[in-house]
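A.B. asks: Just passing along the structure, written as C-alpha cells.
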Amino acid sequence: MRRHRTIAAIVLSALCIVPSACDTPTDQPARVTAQDAYGAAIGTVAEPGTADEPTPVIVIAAGEAAVDLGVQIEVIGALADRYDVRFVDTRAAAAQEALGWPAPDAVWIVAVHVIEPGATWDDDTDEALLRVERRRGDEAVTAELLTIRRRGPDTVVVGAEPVEPEVLGEI
Amino acid sequence: MRSERAPGPLVRWLFGPRHVARLTVVHCLHSAAEATFTVSLAGSIFFSVSPDAARPRVLLFLAVTLAPFLLIAPLLGPLVDRLRGGLGVALIATFVVRAALALSLAQHLRTLLLFPLAFGVLLVAKTYTVARNAALPTLVAARDDLVAANARLSRTATIVGALAAAVAVVVYREVSPSATLLLAAAWYLGGAALAFTLRREIGAPTMAIRVADVELVRFGAGDAVADMAVLRAAAGFAIFHFGFALRAGGEPAWVLGGLLAANSLGAFAGTIIAPALRRRAAERTLFTVALAGSAAATALSAAMFNRVTLLVAVGVLGTAVSIGRRAMDSTIQSQAPQARTARVYARLETRLELIWVLAACVAVALRVESWIGVAMLAAFLVVVTVHHLRRRVGLRVLEPVASRPLGERLLMRAETLAQHGFHDEAYVIANEVLAAPTMVAGVEPLDDAARAAIERARERIADAFDGPVER
C-alpha cells in the first residue's frame, strides 16, 4: 500500500515538474505578431500625435478579407496615446470617413496587407514583410515594403523598400 | 390635519393617476439610463473597427440574445402566475443587472468585451420591456384607459430620455465615455430602488388565461398583433441595418446618432398623434396609417436617397411603431379584455421582441449598402400594406364577416377552440354544425359547392383535432 502511494507521489510530482520545465524560457526570440506589425507600420508611416491630439489614421485592408477584429482592437488600444486609428472596409469608406474629421487634410489613409493573427512571415530570419501604402490629403500616394523585426520588447521597422502603389492610387 | 393636494393638470398629463405614477417614474429612469448608455457607446470600439470584421461578432451576440428569449417565452408566463410580485422582482432584476453590466462596460469600452456586455444590456432591456408592458395592465384600474396609460408612459419617458441624452452628451464631451456609463449605472440603480417600492403593487393575473389566448387569435386582435409584429420587425431591421451600412459607407457617428434621435422624436410624435387619430377613426385605421405612412416614407427615401430623406423615413417609422403600439393596446382592450392580464401580455411582448431580434439578425447578415437596405425595407412595407388594405377592403366590401353562414363561423370558432386545447367544447360545436350541413353551406338544397364546403369544414376540424370527426 505504501509502495503504491510512493509511486503515485512520484507520478504526480513528475506531472507537476514537466510542464514547468516546458515553460522555462528558451533562447528562441519572440515572434512578430500581426498586431505588433500593424502597430510598427502605422508608427513608421504616420507622424505620431499626442494623447490630447492623436494623429487620425484610417486603415484599409488591401484585398478582400478584413483584418481580424481582435487584432484591430489590439492595434487601436496599443496606439491610442498617439494615434486615433479607425479601420474601414473600402477605399470609398476611407475617403468618406476622412471627410468626417474636422481637418480632412490631416488624416492619414493607410492600406495594409492582411496578416493572419499570430503569423510570422519568415521562420529563418524572424522578420515580417508588410506592404503598406499611405496618403494624406492631396499628397501623392507612397508605397513601401517594410521589414519588421522584434528588438527586445519592441517591434520595429528595420527596412523600407519603395514599391509601386496598387491600392490607394484610385481614391 | 394634513390634506393631500390633488396633482395639477401638467403632472397628471405627465405621470397620470396615483396608481400608475410610480411606474411612469420607473419607466422614465429606464429611459434616462438607456439614452445615457446609448450616448456612451459613441466612445466605444464599435466606431473604430471595420464593419465587416464586427459583423460576425454582432450576429453571434444577436443569436445569443435570441436564445434566452426562446427560453424566457415559455417560462415567463408560469413565473408570473406562480410568484406573487414576480413581475416586480423581474423589473428590479432588470435594473440591477444592467447597472452591473454598465459598470463593467465602463472598464471595457475599447476591448472585445464590449460586444458581450453591450448585448447583455440589450437582452436585459428587452426583458424589462416585456415585464413593464405586462405590469402596466395590472396597475391600471379597470375603468382606466390602457391605451392612454401606455401613451402617457411613452410620452413622458421620451421627454426624460431626451433630457438625459443631453446631459449624457455633456458628460461624454467634458469628462469621458466611461463616466457616461457610470451615470447610466446610477440611473439604473435609481430605477431599481423605485421598482422595489412598486413590487407589491404589481398584481398577478386573475382571469382565465385560456379565454384570453382565444381572444387574442380572434380576427381583430390577431390582426392587430400581426400588424404590430410587422412594424417591430421594420424597426429592428432599420436600427441594425443603418448601424452597419452607414458605418461601412464611412458616414460619421453623428449621422447614426441623428437617426436614433429622429426615431425617438417620431415615437414621441406618435404618442400625441395616436390618441387624436383614435378619436376620429377605428384601430384598424391607425394601423393602416402607420403601415402606409412608413411604406411611403421608406419608398421615398429609397427613390431619393440622401441623409435628409433617410432621417425623415426613420422618423416616420418611429411614429408608425408608436401609433401601432397604441392601436394594438386599444384593440386588445376593446376586443380581448381578458388579455389585459400580465401573463398573456408577457407572452405577446416576448413574441414581438423575438421578431425584433430576428429582423435585426437579417439586417446584420445582409451586407448591402444603405439605400439597398432602405429599398428592401420599403418593398417589405409596401407588400404588407397592400396585403393589409386588401384584407381590410376585402373584408369590408366583398366578404363581410357577418355575411358568412352561421355554421361556417361556428366551425371557425371550433377550430380556434381546438387549437387552444378546448377539445370538448370544440367537439360539441363541430358535431352540432356537421349535424346540420345546410347551416355550413348556407344554401338550400345542397349543391356540389355546398357539399364541398362541408367537406372542407370537416377536414379543418379533423386537422385541429388530429383525427377524423364523425357526424
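Residues are referred to by chain and number: the chain letter is A, B, ... according to the order shown in the C-alpha cells, the number counts from 1 in that chain, and ligands are numbered separately from 1 in the order shown.
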Tell me as a compact mmCIF listing (two decimals) with all heavy atoms, in the first residue's frame which residues belonging to chain B come within 12 Å of chain A, counting only C-alpha atoms.

C.D. replies:
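The resulting file, iface09.txt, is shown below:
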# COMPACT_ATOMS: atom_id res chain seq x y z
N GLY B 43 -18.35 56.37 -27.79
CA GLY B 43 -16.92 56.31 -27.47
C GLY B 43 -16.39 54.89 -27.43
O GLY B 43 -15.27 54.66 -26.96
N SER B 44 -17.17 53.96 -27.93
CA SER B 44 -16.76 52.56 -27.86
C SER B 44 -15.93 52.18 -29.08
O SER B 44 -15.83 52.93 -30.05
CB SER B 44 -17.99 51.65 -27.79
OG SER B 44 -18.60 51.59 -29.06
N ILE B 45 -15.40 51.00 -29.02
CA ILE B 45 -14.56 50.49 -30.10
C ILE B 45 -15.39 50.25 -31.37
O ILE B 45 -14.85 50.19 -32.47
CB ILE B 45 -13.88 49.17 -29.63
CG1 ILE B 45 -12.63 48.88 -30.44
CG2 ILE B 45 -14.81 47.99 -29.69
CD1 ILE B 45 -11.44 49.60 -29.93
N PHE B 46 -16.72 50.15 -31.23
CA PHE B 46 -17.57 49.83 -32.37
C PHE B 46 -17.37 50.81 -33.52
O PHE B 46 -17.43 50.44 -34.69
CB PHE B 46 -19.04 49.81 -31.96
CG PHE B 46 -19.97 49.45 -33.08
CD1 PHE B 46 -20.09 48.13 -33.50
CD2 PHE B 46 -20.69 50.41 -33.75
CE1 PHE B 46 -20.92 47.79 -34.56
CE2 PHE B 46 -21.53 50.09 -34.81
CZ PHE B 46 -21.64 48.77 -35.21
N PHE B 47 -17.12 52.08 -33.19
CA PHE B 47 -16.98 53.09 -34.24
C PHE B 47 -15.54 53.21 -34.75
O PHE B 47 -15.25 54.07 -35.56
CB PHE B 47 -17.50 54.44 -33.74
CG PHE B 47 -19.00 54.43 -33.60
CD1 PHE B 47 -19.58 54.19 -32.37
CD2 PHE B 47 -19.82 54.59 -34.70
CE1 PHE B 47 -20.96 54.13 -32.24
CE2 PHE B 47 -21.19 54.53 -34.58
CZ PHE B 47 -21.76 54.31 -33.35
N SER B 48 -14.65 52.35 -34.25
CA SER B 48 -13.27 52.37 -34.73
C SER B 48 -12.90 51.12 -35.51
O SER B 48 -11.93 51.13 -36.26
CB SER B 48 -12.30 52.50 -33.54
OG SER B 48 -12.53 53.71 -32.86
N VAL B 49 -13.65 50.05 -35.32
CA VAL B 49 -13.33 48.82 -36.04
C VAL B 49 -14.11 48.76 -37.34
O VAL B 49 -15.11 49.47 -37.51
CB VAL B 49 -13.63 47.55 -35.20
CG1 VAL B 49 -12.78 47.53 -33.95
CG2 VAL B 49 -15.10 47.45 -34.86
N SER B 50 -13.65 47.92 -38.28
CA SER B 50 -14.33 47.87 -39.58
C SER B 50 -15.61 47.05 -39.46
O SER B 50 -15.64 46.03 -38.77
CB SER B 50 -13.40 47.26 -40.63
OG SER B 50 -13.23 45.89 -40.41
N PRO B 51 -16.67 47.51 -40.12
CA PRO B 51 -17.97 46.82 -40.00
C PRO B 51 -17.91 45.35 -40.41
O PRO B 51 -18.54 44.51 -39.77
CB PRO B 51 -18.88 47.61 -40.94
CG PRO B 51 -18.24 48.95 -41.04
CD PRO B 51 -16.78 48.73 -40.93
N ASP B 52 -17.14 45.03 -41.46
CA ASP B 52 -17.10 43.65 -41.92
C ASP B 52 -16.50 42.72 -40.87
O ASP B 52 -16.89 41.56 -40.75
CB ASP B 52 -16.30 43.54 -43.22
CG ASP B 52 -17.17 43.83 -44.43
OD1 ASP B 52 -18.38 44.07 -44.22
OD2 ASP B 52 -16.64 43.84 -45.55
N ALA B 53 -15.54 43.24 -40.10
CA ALA B 53 -14.94 42.42 -39.04
C ALA B 53 -15.89 42.30 -37.86
O ALA B 53 -15.93 41.25 -37.19
CB ALA B 53 -13.62 43.04 -38.60
N ALA B 54 -16.66 43.36 -37.60
CA ALA B 54 -17.56 43.35 -36.42
C ALA B 54 -18.83 42.55 -36.69
O ALA B 54 -19.45 42.02 -35.76
CB ALA B 54 -17.93 44.78 -36.04
N ARG B 55 -19.21 42.45 -37.97
CA ARG B 55 -20.49 41.83 -38.33
C ARG B 55 -20.69 40.41 -37.76
O ARG B 55 -21.72 40.15 -37.12
CB ARG B 55 -20.62 41.81 -39.85
CG ARG B 55 -22.00 42.02 -40.37
CD ARG B 55 -21.95 42.01 -41.90
NE ARG B 55 -21.62 43.28 -42.46
CZ ARG B 55 -22.51 44.22 -42.76
NH1 ARG B 55 -23.77 44.02 -42.54
NH2 ARG B 55 -22.13 45.36 -43.28
N PRO B 56 -19.72 39.49 -37.97
CA PRO B 56 -19.95 38.13 -37.43
C PRO B 56 -20.11 38.13 -35.91
O PRO B 56 -20.92 37.37 -35.37
CB PRO B 56 -18.68 37.37 -37.82
CG PRO B 56 -18.01 38.18 -38.86
CD PRO B 56 -18.43 39.58 -38.66
N ARG B 57 -19.35 39.01 -35.24
CA ARG B 57 -19.43 39.06 -33.78
C ARG B 57 -20.81 39.57 -33.33
O ARG B 57 -21.41 39.02 -32.42
CB ARG B 57 -18.33 40.00 -33.28
CG ARG B 57 -17.83 39.72 -31.87
CD ARG B 57 -17.15 38.38 -31.75
NE ARG B 57 -15.93 38.28 -32.53
CZ ARG B 57 -14.72 38.22 -32.02
NH1 ARG B 57 -14.56 38.21 -30.73
NH2 ARG B 57 -13.67 38.11 -32.80
N VAL B 58 -21.31 40.59 -34.03
CA VAL B 58 -22.62 41.14 -33.68
C VAL B 58 -23.71 40.10 -33.95
O VAL B 58 -24.64 39.92 -33.16
CB VAL B 58 -22.89 42.45 -34.47
CG1 VAL B 58 -24.33 42.91 -34.31
CG2 VAL B 58 -21.94 43.55 -33.98
N HIS B 108 -14.41 48.39 -20.12
CA HIS B 108 -14.11 47.62 -21.33
C HIS B 108 -14.69 48.23 -22.61
O HIS B 108 -15.01 47.50 -23.53
CB HIS B 108 -14.65 46.19 -21.17
CG HIS B 108 -14.01 45.45 -20.05
ND1 HIS B 108 -12.72 44.99 -20.10
CD2 HIS B 108 -14.48 45.11 -18.82
CE1 HIS B 108 -12.42 44.39 -18.96
NE2 HIS B 108 -13.47 44.45 -18.16
N LEU B 109 -14.84 49.56 -22.62
CA LEU B 109 -15.44 50.19 -23.81
C LEU B 109 -14.59 49.98 -25.06
O LEU B 109 -15.09 50.00 -26.17
CB LEU B 109 -15.59 51.69 -23.56
CG LEU B 109 -16.99 52.19 -23.22
CD1 LEU B 109 -16.96 53.68 -22.99
CD2 LEU B 109 -18.02 51.85 -24.27
N ARG B 110 -13.29 49.82 -24.87
CA ARG B 110 -12.41 49.68 -26.03
C ARG B 110 -11.70 48.33 -26.03
O ARG B 110 -10.53 48.21 -26.42
CB ARG B 110 -11.43 50.86 -26.10
CG ARG B 110 -12.18 52.19 -26.26
CD ARG B 110 -11.30 53.36 -26.49
NE ARG B 110 -10.76 53.43 -27.83
CZ ARG B 110 -11.44 53.85 -28.90
NH1 ARG B 110 -12.70 54.20 -28.82
NH2 ARG B 110 -10.85 53.92 -30.07
N THR B 111 -12.43 47.31 -25.59
CA THR B 111 -11.91 45.94 -25.66
C THR B 111 -12.97 45.05 -26.31
O THR B 111 -14.11 45.48 -26.52
CB THR B 111 -11.57 45.37 -24.27
OG1 THR B 111 -12.80 45.06 -23.61
CG2 THR B 111 -10.77 46.34 -23.42
N LEU B 112 -12.57 43.80 -26.58
CA LEU B 112 -13.51 42.84 -27.21
C LEU B 112 -14.71 42.54 -26.33
O LEU B 112 -15.75 42.08 -26.81
CB LEU B 112 -12.78 41.54 -27.51
CG LEU B 112 -12.32 41.32 -28.95
CD1 LEU B 112 -11.61 40.00 -29.07
CD2 LEU B 112 -13.47 41.39 -29.94
N LEU B 113 -14.58 42.80 -25.02
CA LEU B 113 -15.70 42.52 -24.10
C LEU B 113 -16.89 43.46 -24.34
O LEU B 113 -17.97 43.24 -23.81
CB LEU B 113 -15.24 42.64 -22.65
CG LEU B 113 -14.54 41.41 -22.08
CD1 LEU B 113 -14.02 41.69 -20.68
CD2 LEU B 113 -15.49 40.22 -22.04
N LEU B 114 -16.63 44.52 -25.13
CA LEU B 114 -17.74 45.44 -25.47
C LEU B 114 -18.94 44.67 -25.99
O LEU B 114 -20.09 44.93 -25.59
CB LEU B 114 -17.27 46.44 -26.53
CG LEU B 114 -18.40 47.19 -27.24
CD1 LEU B 114 -18.87 48.35 -26.39
CD2 LEU B 114 -17.96 47.70 -28.61
N PHE B 115 -18.68 43.71 -26.88
CA PHE B 115 -19.79 43.03 -27.57
C PHE B 115 -20.67 42.22 -26.62
O PHE B 115 -21.88 42.43 -26.58
CB PHE B 115 -19.25 42.20 -28.73
CG PHE B 115 -18.69 43.06 -29.83
CD1 PHE B 115 -17.35 43.38 -29.86
CD2 PHE B 115 -19.51 43.59 -30.81
CE1 PHE B 115 -16.83 44.20 -30.86
CE2 PHE B 115 -19.00 44.41 -31.81
CZ PHE B 115 -17.65 44.72 -31.84
N PHE B 244 -24.81 49.41 -39.35
CA PHE B 244 -23.68 48.84 -40.09
C PHE B 244 -23.47 49.53 -41.43
O PHE B 244 -22.34 49.86 -41.78
CB PHE B 244 -23.91 47.35 -40.34
CG PHE B 244 -23.41 46.51 -39.21
CD1 PHE B 244 -24.26 46.10 -38.21
CD2 PHE B 244 -22.07 46.17 -39.12
CE1 PHE B 244 -23.79 45.35 -37.15
CE2 PHE B 244 -21.59 45.44 -38.06
CZ PHE B 244 -22.46 45.02 -37.08
N ALA B 245 -24.54 49.72 -42.17
CA ALA B 245 -24.40 50.24 -43.54
C ALA B 245 -23.83 51.66 -43.53
O ALA B 245 -22.98 51.99 -44.37
CB ALA B 245 -25.74 50.20 -44.25
N LEU B 246 -24.28 52.49 -42.61
CA LEU B 246 -23.76 53.87 -42.58
C LEU B 246 -22.30 53.88 -42.18
O LEU B 246 -21.49 54.62 -42.72
CB LEU B 246 -24.59 54.72 -41.61
CG LEU B 246 -26.03 55.00 -42.04
CD1 LEU B 246 -26.77 55.76 -40.95
CD2 LEU B 246 -26.06 55.82 -43.33
N ARG B 247 -21.95 53.03 -41.23
CA ARG B 247 -20.55 52.93 -40.80
C ARG B 247 -19.69 52.39 -41.95
O ARG B 247 -18.60 52.90 -42.20
CB ARG B 247 -20.50 52.03 -39.58
CG ARG B 247 -19.15 51.67 -39.07
CD ARG B 247 -18.61 52.65 -38.05
NE ARG B 247 -17.22 52.29 -37.74
CZ ARG B 247 -16.17 52.74 -38.39
NH1 ARG B 247 -16.31 53.62 -39.35
NH2 ARG B 247 -14.95 52.36 -38.07
N ALA B 248 -20.20 51.38 -42.66
CA ALA B 248 -19.45 50.81 -43.78
C ALA B 248 -19.27 51.84 -44.90
O ALA B 248 -18.28 51.81 -45.61
CB ALA B 248 -20.17 49.57 -44.32
N GLY B 249 -20.24 52.74 -45.02
CA GLY B 249 -20.15 53.78 -46.05
C GLY B 249 -19.30 54.95 -45.60
O GLY B 249 -19.19 55.95 -46.31
N GLY B 250 -18.72 54.87 -44.40
CA GLY B 250 -17.84 55.93 -43.91
C GLY B 250 -18.58 57.12 -43.33
O GLY B 250 -17.99 58.17 -43.09
N GLU B 251 -19.89 56.98 -43.09
CA GLU B 251 -20.66 58.09 -42.51
C GLU B 251 -20.21 58.30 -41.07
O GLU B 251 -19.98 57.33 -40.34
CB GLU B 251 -22.17 57.77 -42.53
CG GLU B 251 -22.77 57.69 -43.92
CD GLU B 251 -23.03 59.06 -44.53
OE1 GLU B 251 -22.83 60.06 -43.84
OE2 GLU B 251 -23.40 59.11 -45.72
N PRO B 252 -20.11 59.55 -40.64
CA PRO B 252 -19.68 59.79 -39.26
C PRO B 252 -20.73 59.33 -38.24
O PRO B 252 -21.91 59.16 -38.58
CB PRO B 252 -19.50 61.31 -39.20
CG PRO B 252 -20.23 61.86 -40.37
CD PRO B 252 -20.29 60.78 -41.40
N ALA B 253 -20.29 59.16 -36.98
CA ALA B 253 -21.18 58.63 -35.94
C ALA B 253 -22.39 59.53 -35.71
O ALA B 253 -23.46 59.04 -35.33
CB ALA B 253 -20.40 58.46 -34.65
N TRP B 254 -22.24 60.85 -35.98
CA TRP B 254 -23.37 61.74 -35.69
C TRP B 254 -24.57 61.45 -36.59
O TRP B 254 -25.71 61.73 -36.22
CB TRP B 254 -22.96 63.21 -35.75
CG TRP B 254 -22.59 63.74 -37.12
CD1 TRP B 254 -21.34 63.89 -37.63
CD2 TRP B 254 -23.50 64.19 -38.14
NE1 TRP B 254 -21.41 64.40 -38.90
CE2 TRP B 254 -22.71 64.60 -39.24
CE3 TRP B 254 -24.88 64.29 -38.25
CZ2 TRP B 254 -23.26 65.09 -40.42
CZ3 TRP B 254 -25.43 64.77 -39.41
CH2 TRP B 254 -24.64 65.17 -40.49
N VAL B 255 -24.32 60.89 -37.77
CA VAL B 255 -25.46 60.56 -38.65
C VAL B 255 -26.30 59.46 -38.00
O VAL B 255 -27.54 59.54 -37.96
CB VAL B 255 -24.97 60.13 -40.05
CG1 VAL B 255 -26.15 59.72 -40.94
CG2 VAL B 255 -24.19 61.25 -40.72
N ARG B 367 -25.08 42.11 -46.27
CA ARG B 367 -24.04 43.13 -46.47
C ARG B 367 -24.43 43.98 -47.65
O ARG B 367 -23.93 43.77 -48.76
CB ARG B 367 -22.70 42.45 -46.72
CG ARG B 367 -22.20 41.70 -45.54
CD ARG B 367 -20.86 41.08 -45.83
NE ARG B 367 -20.43 40.30 -44.67
CZ ARG B 367 -19.18 40.12 -44.34
NH1 ARG B 367 -18.24 40.65 -45.04
NH2 ARG B 367 -18.87 39.41 -43.28
N GLU B 369 -25.62 48.05 -49.18
CA GLU B 369 -25.48 49.48 -48.92
C GLU B 369 -26.76 50.03 -48.31
O GLU B 369 -27.84 49.42 -48.42
CB GLU B 369 -25.18 50.21 -50.23
CG GLU B 369 -23.78 49.96 -50.73
CD GLU B 369 -23.52 50.69 -52.03
OE1 GLU B 369 -23.98 51.84 -52.19
OE2 GLU B 369 -22.86 50.10 -52.91

A.B. asks: What's around Cys28 of chain B at 7 Å? Count only C-alpha atoms, leave out sequence neighbours fewer than 5 positions away in its own chain, and write the answer as a list in words.

C.D. replies: Thr156, Ala157 and Val160 of chain B

A.B. asks: For atom CA of Val314 of chain B and atom CA of Leu259 of chain B, determine how far apart the two atoms are, in Å to one decimal place.

C.D. replies: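 A separation of 6.4 Å between them.
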
A.B. asks: Of the candidates B:Gly243, B:Gly293, B:Pro17, B:Gly88, which shows the shortest atom-to-atom distance to Tyr128 of chain B, using only C-alpha atoms?

C.D. replies: B:Gly88

A.B. asks: May I ask which of the residues B:Leu183, B:Ser31, B:Leu198, B:Ala365 is the closest one to Val169 of chain B, counting only C-alpha atoms?

C.D. replies: B:Leu183

A.B. asks: Which of segment 25-70 of chain A end up as helix (DSSP H, G or I) when DSSP is run on this backbone - answer as a ChimeraX atom specification?

C.D. replies: /A:34-45,69-70

A.B. asks: If we count only C-alpha atoms and set the cut-off at 6 Å, which residues sit around segment 373-389 of chain B, ignoring sequence neighbours fewer than 6 positions away in its own chain? Please answer as a PyMOL selection string.

C.D. replies: chain B and resi 291-292+295+298-299+302

A.B. asks: Looking at only C-alpha atoms, which of B:Ala33, B:Val26, B:Val428, B:Ala235 is the one that sits closest to Gly191 of chain B?

C.D. replies: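 Smallest distance to Gly191 of chain B is found for B:Val26.
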
A.B. asks: Please determine, counting only C-alpha atoms, which residue among B:Arg152, B:Arg132, B:Arg98, B:Arg456 has the shortest atom-to-atom distance to Ala21 of chain B.

C.D. replies: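 Nearest candidate to Ala21 of chain B out of B:Arg152, B:Arg132, B:Arg98, B:Arg456: B:Arg152.
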
A.B. asks: Set the distance at 10 Å and use only C-alpha atoms: which residues neighbour Val163 of chain A once local chain neighbours fewer than 6 positions away are removed? I'd like the list as a PyMOL selection string.

C.D. replies: chain A and resi 131-133+142-145

A.B. asks: One number please: atom CA of Leu60 of chain B to atom CA of Arg232 of chain B, in Å, one decimal.

C.D. replies: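 The value is 20.9 Å.
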